[in-house]
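Okay, so here's the structure we're looking at.
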Amino acid sequence: MLTRKQLELLRFIHERLKEAGVPPSFDEMKDALDLRSKSGIHRLITALEERGFIRRLPNRARAIEVLRLPETISHGISGRARGFTPSVIEGHLGRVRAGAEDEGARPVAVPVMGRIAAGTPIEAIQTRSAVIHVPPDLLSTGEHFALEVRGDSMIEAGILDGDMVLIRKGDTAETGDIVVALIDEEEATLKRFRRRGTAIALEPANPTHEVRILPPNRVRIQGKLVGLFRKY
């Protein structure tokens, strides 16, 4: 199991490679992870390489290749969760809490609050429809809830129609975060959050879908994506 910082670095490298085609510099990695020195980044990269998640290419500066992304098996889903069976958690989307790696820890019940559109926004999620049980090492501080994904606009981020996303409640986001955004207090959607000047961009991860540019007073962040469950 990777530590929280190892997961954060792997995710940051992966996202930068997808967006820019080149890996981030050591200074960018240090700043992104809020570390004081680049020596910490060297240790994290070495650990990821030893575990087979990345490969450093010889004779090329800043050359890092992501070989794979982590997967762990959940402790199962209970309640009326629309036919979900024990699921695969896409670990690269989650932030694992440091020190919570006790395999004997009891799963935590997280409410399923309905469906979320990863395409055309649907009416805002409101009702609790089920409960899933989540390994505690996938939960950071704060409240969490889950939503069933409908639509295909986030497929290039590894989020498919029918997946169950794990969301940490919160009303703020940083550029690049995948968020649940409430538009005009009535439409909820799952998109990547970016700031564009004084406006907010809600970006899909599918070239067939359009980016929505909205003024801040029309968008309210309800939480950030921290994990993903998938049906077998």
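Residue names in the structure tokens use chain letters A, B, ... in the order shown, residue numbers from 1 in each chain, and ligand numbers from 1 in the order shown.
For A:His42, the set of protein, DNA and RNA residues having any atom at most 12 Å away, when counting only C-alpha atoms and skipping those fewer than 2 positions along the same chain, is Gln6, Leu9, Ser25, Phe26, Asp27, Met29, Lys30, Leu35, Ser37, Lys38, Ser39, Gly40, Leu44, Ile45, Thr46, Ala47, Leu48, Glu49, Arg56 and Arg62 of chain A.
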Expected answer as JSON, numbers by chain: strand (DSSP E or B) residues in stretch 161-219 of chain A: {"A": [164, 165, 166, 167, 168, 169, 178, 179, 180, 181, 182, 183, 187, 188, 189, 190, 191, 192, 193, 194, 195, 196, 199, 200, 201, 202, 203, 212, 213, 214, 219]}
Applying 10 Å and only C-alpha atoms, which residues near A:Arg106 remain after dropping the ones on its own chain fewer than 5 positions away? List them as a compact mmCIF listing (two decimals) with N, CA, C and O atoms, in the first residue's frame.
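Full text of result12.txt as output:
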```txt
# COMPACT_ATOMS: atom_id res chain seq x y z
N HIS A 75 -13.91 -3.46 0.88
CA HIS A 75 -14.49 -4.41 1.83
C HIS A 75 -15.94 -4.71 1.49
O HIS A 75 -16.62 -5.39 2.25
N HIS A 133 -19.77 0.56 2.42
CA HIS A 133 -18.77 0.42 3.47
C HIS A 133 -17.40 0.59 2.84
O HIS A 133 -17.03 -0.13 1.91
N VAL A 134 -16.66 1.57 3.34
CA VAL A 134 -15.40 1.99 2.74
C VAL A 134 -14.25 1.68 3.69
O VAL A 134 -14.34 1.97 4.88
N PRO A 135 -13.14 1.11 3.17
CA PRO A 135 -11.96 0.92 4.02
C PRO A 135 -11.52 2.25 4.62
O PRO A 135 -11.44 3.25 3.90
N PRO A 136 -11.23 2.30 5.92
CA PRO A 136 -10.90 3.59 6.55
C PRO A 136 -9.66 4.24 5.99
O PRO A 136 -9.50 5.46 6.11
```
Close residues, stretch 167-169 of chain A itself excluded, 12 Å, only C-alpha atoms, min 4 positions apart in chain, as a ChimeraX atom specification: /A:93-95,110-113,116,134,138-149,173,177-181,190,220-229
Separation of atom CA of A:Ile41 from atom CA of A:Ile54 in Å: 13.4 Å
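Between atom CA of A:Arg218 and atom CA of A:Thr198 there is a distance of 12.3 Å.
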